[in-house]
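So this block is target_35.cif, mmCIF, N, CA and C atoms:
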data_start
#
loop_
_atom_site.label_atom_id
_atom_site.label_comp_id
_atom_site.auth_asym_id
_atom_site.auth_seq_id
_atom_site.Cartn_x
_atom_site.Cartn_y
_atom_site.Cartn_z
N MET A 119 2.56 69.47 110.36
CA MET A 119 3.31 70.29 111.26
C MET A 119 4.78 69.87 111.32
N VAL A 120 5.03 68.58 111.34
CA VAL A 120 6.40 68.08 111.38
C VAL A 120 7.10 68.39 110.05
N TYR A 121 6.35 68.40 108.95
CA TYR A 121 6.93 68.58 107.64
C TYR A 121 7.35 70.01 107.35
N GLU A 122 6.86 70.96 108.11
CA GLU A 122 7.19 72.36 107.87
C GLU A 122 8.69 72.62 107.97
N LYS A 123 9.39 71.91 108.82
CA LYS A 123 10.81 72.12 108.99
C LYS A 123 11.64 71.41 107.93
N ASN A 124 11.03 70.57 107.11
CA ASN A 124 11.75 69.83 106.08
C ASN A 124 11.85 70.58 104.76
N TRP A 125 11.12 71.66 104.56
CA TRP A 125 11.11 72.36 103.29
C TRP A 125 12.49 72.86 102.86
N PRO A 126 13.31 73.43 103.71
CA PRO A 126 14.63 73.86 103.24
C PRO A 126 15.44 72.69 102.68
N GLY A 127 15.36 71.52 103.30
CA GLY A 127 16.07 70.34 102.81
C GLY A 127 15.52 69.85 101.49
N VAL A 128 14.19 69.85 101.37
CA VAL A 128 13.55 69.42 100.12
C VAL A 128 13.92 70.36 98.99
N ILE A 129 13.92 71.64 99.26
CA ILE A 129 14.28 72.63 98.23
C ILE A 129 15.74 72.47 97.83
N THR A 130 16.63 72.29 98.80
CA THR A 130 18.05 72.12 98.50
C THR A 130 18.29 70.88 97.64
N ILE A 131 17.68 69.77 98.01
CA ILE A 131 17.84 68.53 97.24
C ILE A 131 17.24 68.68 95.84
N SER A 132 16.11 69.34 95.72
CA SER A 132 15.47 69.54 94.41
C SER A 132 16.33 70.40 93.49
N VAL A 133 16.88 71.48 94.02
CA VAL A 133 17.72 72.37 93.21
C VAL A 133 19.00 71.64 92.79
N THR A 134 19.61 70.90 93.70
CA THR A 134 20.82 70.15 93.38
C THR A 134 20.55 69.09 92.32
N THR A 135 19.46 68.38 92.46
CA THR A 135 19.09 67.35 91.48
C THR A 135 18.82 67.98 90.12
N ALA A 136 18.12 69.09 90.09
CA ALA A 136 17.85 69.78 88.82
C ALA A 136 19.15 70.24 88.17
N PHE A 137 20.10 70.73 88.96
CA PHE A 137 21.40 71.17 88.44
C PHE A 137 22.16 70.01 87.82
N ILE A 138 22.19 68.87 88.50
CA ILE A 138 22.91 67.70 87.99
C ILE A 138 22.26 67.18 86.71
N ILE A 139 20.94 67.12 86.69
CA ILE A 139 20.24 66.67 85.48
C ILE A 139 20.51 67.63 84.33
N HIS A 140 20.51 68.92 84.60
CA HIS A 140 20.81 69.92 83.56
C HIS A 140 22.21 69.69 82.99
N LEU A 141 23.20 69.45 83.86
CA LEU A 141 24.56 69.21 83.37
C LEU A 141 24.63 67.95 82.51
N LEU A 142 23.97 66.89 82.95
CA LEU A 142 24.00 65.64 82.19
C LEU A 142 23.32 65.78 80.83
N LEU A 143 22.25 66.53 80.76
CA LEU A 143 21.51 66.67 79.50
C LEU A 143 22.15 67.67 78.54
N THR A 144 22.99 68.55 79.04
CA THR A 144 23.57 69.58 78.16
C THR A 144 25.07 69.42 77.97
N THR A 145 25.60 68.25 78.27
CA THR A 145 27.02 68.00 78.05
C THR A 145 27.20 67.39 76.66
N TYR A 146 28.03 68.05 75.84
CA TYR A 146 28.32 67.52 74.51
C TYR A 146 29.67 68.02 74.02
N TYR A 147 30.15 67.34 72.98
CA TYR A 147 31.45 67.65 72.37
C TYR A 147 31.20 67.76 70.87
N GLN A 148 31.69 68.84 70.26
CA GLN A 148 31.40 69.09 68.86
C GLN A 148 32.67 69.50 68.13
N VAL A 149 33.00 68.76 67.07
CA VAL A 149 34.14 69.11 66.23
C VAL A 149 33.64 70.07 65.17
N GLN A 150 34.20 71.28 65.16
CA GLN A 150 33.84 72.31 64.19
C GLN A 150 35.10 72.71 63.44
N GLY A 151 35.32 72.11 62.28
CA GLY A 151 36.54 72.39 61.52
C GLY A 151 37.74 71.86 62.28
N ASP A 152 38.64 72.75 62.69
CA ASP A 152 39.83 72.34 63.45
C ASP A 152 39.70 72.67 64.93
N GLN A 153 38.48 72.90 65.39
CA GLN A 153 38.21 73.23 66.79
C GLN A 153 37.32 72.16 67.43
N LEU A 154 37.54 71.91 68.71
CA LEU A 154 36.69 71.02 69.49
C LEU A 154 35.98 71.87 70.54
N ARG A 155 34.67 71.85 70.49
CA ARG A 155 33.89 72.60 71.48
C ARG A 155 33.43 71.63 72.57
N ILE A 156 33.72 71.97 73.81
CA ILE A 156 33.33 71.17 74.96
C ILE A 156 32.35 72.00 75.77
N LYS A 157 31.12 71.49 75.89
CA LYS A 157 30.06 72.25 76.56
C LYS A 157 29.41 71.37 77.63
N SER A 158 29.25 71.91 78.82
CA SER A 158 28.57 71.21 79.91
C SER A 158 27.76 72.23 80.70
N GLY A 159 26.50 72.35 80.34
CA GLY A 159 25.62 73.31 81.01
C GLY A 159 26.16 74.72 80.88
N PHE A 160 26.01 75.49 81.94
CA PHE A 160 26.56 76.84 81.96
C PHE A 160 27.89 76.87 82.70
N VAL A 161 28.39 75.70 83.11
CA VAL A 161 29.63 75.61 83.89
C VAL A 161 30.86 75.59 82.98
N VAL A 162 30.82 74.78 81.92
CA VAL A 162 31.97 74.64 81.02
C VAL A 162 31.55 74.99 79.60
N ASN A 163 32.28 75.90 78.98
CA ASN A 163 32.10 76.23 77.57
C ASN A 163 33.50 76.52 77.03
N LYS A 164 34.15 75.48 76.55
CA LYS A 164 35.56 75.57 76.19
C LYS A 164 35.74 75.20 74.73
N THR A 165 36.59 75.94 74.04
CA THR A 165 36.96 75.61 72.67
C THR A 165 38.44 75.28 72.65
N LEU A 166 38.75 74.13 72.07
CA LEU A 166 40.11 73.61 72.07
C LEU A 166 40.57 73.45 70.62
N ASP A 167 41.75 73.95 70.31
CA ASP A 167 42.33 73.79 68.99
C ASP A 167 42.82 72.34 68.85
N ILE A 168 42.24 71.58 67.94
CA ILE A 168 42.58 70.16 67.79
C ILE A 168 44.06 69.97 67.45
N SER A 169 44.66 70.93 66.78
CA SER A 169 46.08 70.80 66.43
C SER A 169 46.98 70.82 67.65
N MET A 170 46.45 71.25 68.80
CA MET A 170 47.24 71.27 70.04
C MET A 170 47.14 69.95 70.82
N ILE A 171 46.22 69.06 70.43
CA ILE A 171 46.06 67.78 71.13
C ILE A 171 47.23 66.87 70.78
N ARG A 172 47.90 66.36 71.81
CA ARG A 172 49.05 65.47 71.63
C ARG A 172 48.67 64.01 71.75
N LYS A 173 47.74 63.73 72.68
CA LYS A 173 47.48 62.34 73.03
C LYS A 173 46.04 62.18 73.54
N VAL A 174 45.45 61.02 73.26
CA VAL A 174 44.15 60.65 73.79
C VAL A 174 44.34 59.34 74.55
N VAL A 175 43.96 59.34 75.83
CA VAL A 175 44.17 58.18 76.69
C VAL A 175 42.84 57.79 77.34
N ALA A 176 42.52 56.49 77.31
CA ALA A 176 41.32 56.00 78.01
C ALA A 176 41.57 56.05 79.51
N THR A 177 40.56 56.47 80.26
CA THR A 177 40.70 56.57 81.71
C THR A 177 39.36 56.36 82.39
N ARG A 178 39.39 56.04 83.65
CA ARG A 178 38.19 55.94 84.47
C ARG A 178 38.33 56.85 85.70
N SER A 179 39.03 57.94 85.52
CA SER A 179 39.29 58.89 86.59
C SER A 179 37.99 59.49 87.12
N VAL A 180 37.95 59.73 88.43
CA VAL A 180 36.77 60.32 89.05
C VAL A 180 36.91 61.82 89.25
N ILE A 181 37.96 62.39 88.72
CA ILE A 181 38.18 63.84 88.83
C ILE A 181 37.01 64.57 88.16
N SER A 182 36.60 65.67 88.75
CA SER A 182 35.52 66.47 88.20
C SER A 182 35.87 66.92 86.78
N ALA A 183 34.93 66.73 85.87
CA ALA A 183 35.19 67.05 84.47
C ALA A 183 33.87 67.19 83.72
N PRO A 184 33.92 67.81 82.54
CA PRO A 184 32.71 67.89 81.71
C PRO A 184 32.46 66.55 81.03
N ALA A 185 32.22 65.52 81.83
CA ALA A 185 32.01 64.16 81.33
C ALA A 185 30.83 63.55 82.08
N ALA A 186 29.92 62.93 81.33
CA ALA A 186 28.70 62.41 81.93
C ALA A 186 28.83 60.97 82.43
N SER A 187 29.97 60.33 82.22
CA SER A 187 30.17 58.97 82.73
C SER A 187 31.62 58.82 83.17
N LEU A 188 31.93 57.68 83.78
CA LEU A 188 33.31 57.42 84.21
C LEU A 188 34.11 56.71 83.13
N ASP A 189 33.49 56.32 82.03
CA ASP A 189 34.19 55.73 80.89
C ASP A 189 34.65 56.90 80.02
N ARG A 190 35.84 57.41 80.30
CA ARG A 190 36.28 58.70 79.78
C ARG A 190 37.51 58.60 78.88
N LEU A 191 37.74 59.70 78.18
CA LEU A 191 38.97 59.89 77.43
C LEU A 191 39.64 61.14 77.98
N GLU A 192 40.94 61.05 78.19
CA GLU A 192 41.69 62.22 78.61
C GLU A 192 42.40 62.77 77.39
N LEU A 193 42.13 64.02 77.08
CA LEU A 193 42.79 64.69 75.96
C LEU A 193 43.94 65.51 76.53
N LEU A 194 45.15 65.15 76.15
CA LEU A 194 46.33 65.90 76.60
C LEU A 194 46.70 66.89 75.49
N TYR A 195 46.81 68.15 75.85
CA TYR A 195 47.10 69.18 74.85
C TYR A 195 48.06 70.21 75.44
N ASN A 196 48.57 71.06 74.56
CA ASN A 196 49.63 71.99 74.93
C ASN A 196 50.74 71.21 75.62
N ARG A 197 51.38 71.79 76.60
CA ARG A 197 52.48 71.08 77.24
C ARG A 197 52.02 70.26 78.45
N TYR A 198 51.20 70.86 79.31
CA TYR A 198 50.79 70.19 80.54
C TYR A 198 49.28 70.14 80.75
N ASP A 199 48.49 70.58 79.79
CA ASP A 199 47.05 70.69 79.98
C ASP A 199 46.33 69.40 79.57
N SER A 200 45.20 69.15 80.22
CA SER A 200 44.37 68.02 79.83
C SER A 200 42.92 68.30 80.19
N VAL A 201 42.02 67.56 79.53
CA VAL A 201 40.60 67.65 79.82
C VAL A 201 40.03 66.25 79.67
N LEU A 202 39.07 65.92 80.52
CA LEU A 202 38.40 64.62 80.46
C LEU A 202 37.06 64.79 79.77
N VAL A 203 36.76 63.89 78.83
CA VAL A 203 35.49 63.90 78.12
C VAL A 203 34.94 62.47 78.09
N SER A 204 33.65 62.34 77.85
CA SER A 204 33.04 61.01 77.78
C SER A 204 32.04 60.95 76.62
N PRO A 205 32.54 60.95 75.40
CA PRO A 205 31.62 60.86 74.26
C PRO A 205 30.93 59.49 74.22
N LYS A 206 29.70 59.45 73.73
CA LYS A 206 28.96 58.19 73.63
C LYS A 206 29.67 57.25 72.66
N ASP A 207 30.10 57.77 71.52
CA ASP A 207 30.79 56.98 70.50
C ASP A 207 32.28 57.35 70.54
N LYS A 208 33.03 56.67 71.40
CA LYS A 208 34.44 57.01 71.56
C LYS A 208 35.23 56.79 70.28
N ALA A 209 34.96 55.71 69.57
CA ALA A 209 35.69 55.43 68.33
C ALA A 209 35.42 56.50 67.28
N GLY A 210 34.16 56.89 67.14
CA GLY A 210 33.81 57.94 66.18
C GLY A 210 34.42 59.27 66.56
N PHE A 211 34.42 59.58 67.85
CA PHE A 211 35.01 60.82 68.35
C PHE A 211 36.51 60.87 68.02
N ILE A 212 37.20 59.77 68.32
CA ILE A 212 38.64 59.70 68.05
C ILE A 212 38.90 59.81 66.55
N SER A 213 38.06 59.17 65.74
CA SER A 213 38.20 59.25 64.28
C SER A 213 38.08 60.69 63.79
N GLU A 214 37.13 61.43 64.37
CA GLU A 214 36.97 62.83 63.97
C GLU A 214 38.20 63.65 64.33
N LEU A 215 38.77 63.39 65.51
CA LEU A 215 39.99 64.11 65.90
C LEU A 215 41.14 63.76 64.98
N LEU A 216 41.28 62.46 64.66
CA LEU A 216 42.37 62.01 63.80
C LEU A 216 42.21 62.50 62.36
N ALA A 217 40.99 62.76 61.93
CA ALA A 217 40.77 63.31 60.59
C ALA A 217 41.35 64.71 60.49
N VAL A 218 41.33 65.44 61.61
CA VAL A 218 41.88 66.80 61.63
C VAL A 218 43.39 66.77 61.88
N LYS A 219 43.83 65.91 62.82
CA LYS A 219 45.25 65.82 63.15
C LYS A 219 45.63 64.33 63.27
N PRO A 220 46.14 63.75 62.19
CA PRO A 220 46.41 62.31 62.16
C PRO A 220 47.51 61.84 63.11
N ASP A 221 48.36 62.72 63.59
CA ASP A 221 49.48 62.28 64.44
C ASP A 221 49.18 62.30 65.93
N ILE A 222 47.91 62.38 66.32
CA ILE A 222 47.54 62.29 67.73
C ILE A 222 47.79 60.86 68.19
N ALA A 223 48.52 60.70 69.29
CA ALA A 223 48.77 59.38 69.85
C ALA A 223 47.51 58.92 70.59
N VAL A 224 47.07 57.70 70.31
CA VAL A 224 45.86 57.16 70.93
C VAL A 224 46.24 55.93 71.74
N LYS A 225 45.87 55.96 73.03
CA LYS A 225 46.19 54.85 73.94
C LYS A 225 44.90 54.43 74.64
N LEU A 226 44.31 53.33 74.16
CA LEU A 226 43.03 52.88 74.74
C LEU A 226 43.19 51.72 75.66
#

Encoded form using structure tokens:
Amino acid sequence: MVYEKNWPGVITISVTTAFIIHLLLTTYYQVQGDQLRIKSGFVVNKTLDISMIRKVVATRSVISAPAASLDRLELLYNRYDSVLVSPKDKAGFISELLAVKPDIAVKL
């Protein structure tokens, strides 16, 4: 009888947990030719032209981003734009970007 009033809270917590797990399991970064695809669940689906990336900087920023950890890389592109990513293999990720555009400044 006491538990009947807890169902809305249980449902809310369950849905929120499922959403967070979905984002963590479906977040990835894929280099396709000269494009970088950034995907995080159904929330973020962004394609970035690698030739527009100016700089890659290591960061531990807590700003909301399509990144599954706080050990992140900030990709600065265009004039004022940036995106935070957290690839598992940061060195390999940076190597793939540099293979497409060797003059990207890297600051780790």

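The interatomic distance for the pair atom N of A:Leu194 and atom CA of A:Arg172 works out to 6.0 Å.
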
Have a look at A:Ile131, A:Val218, A:Pro126, A:Pro184 and name the one nearest to A:Gln153; count all atoms listed in the file.
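Comparing A:Ile131, A:Val218, A:Pro126, A:Pro184 against A:Gln153, the winner is A:Val218.
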
Nearest to A:Thr177, chosen from A:Leu142, A:Glu122, A:Leu226, A:Phe137, with all atoms listed in the file counted in the distances
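So, comparing all the options, the nearest one is A:Leu226.
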
A:Val201 surroundings by all atoms listed in the file, 6 Å radius, close-in-sequence under 6 positions cut, as JSON, numbers by chain:
{"A": [191, 192, 193, 194]}

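Put simply, atom CA of A:Lys219 is 12.3 Å away from atom CA of A:Tyr195.
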
Between A:Ile139, A:Val161, A:Val128, A:Ala176, which residue has the minimum interatomic distance to A:Val203, considering only C-alpha atoms?
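Of all the options, A:Ala176 lies closest to A:Val203.
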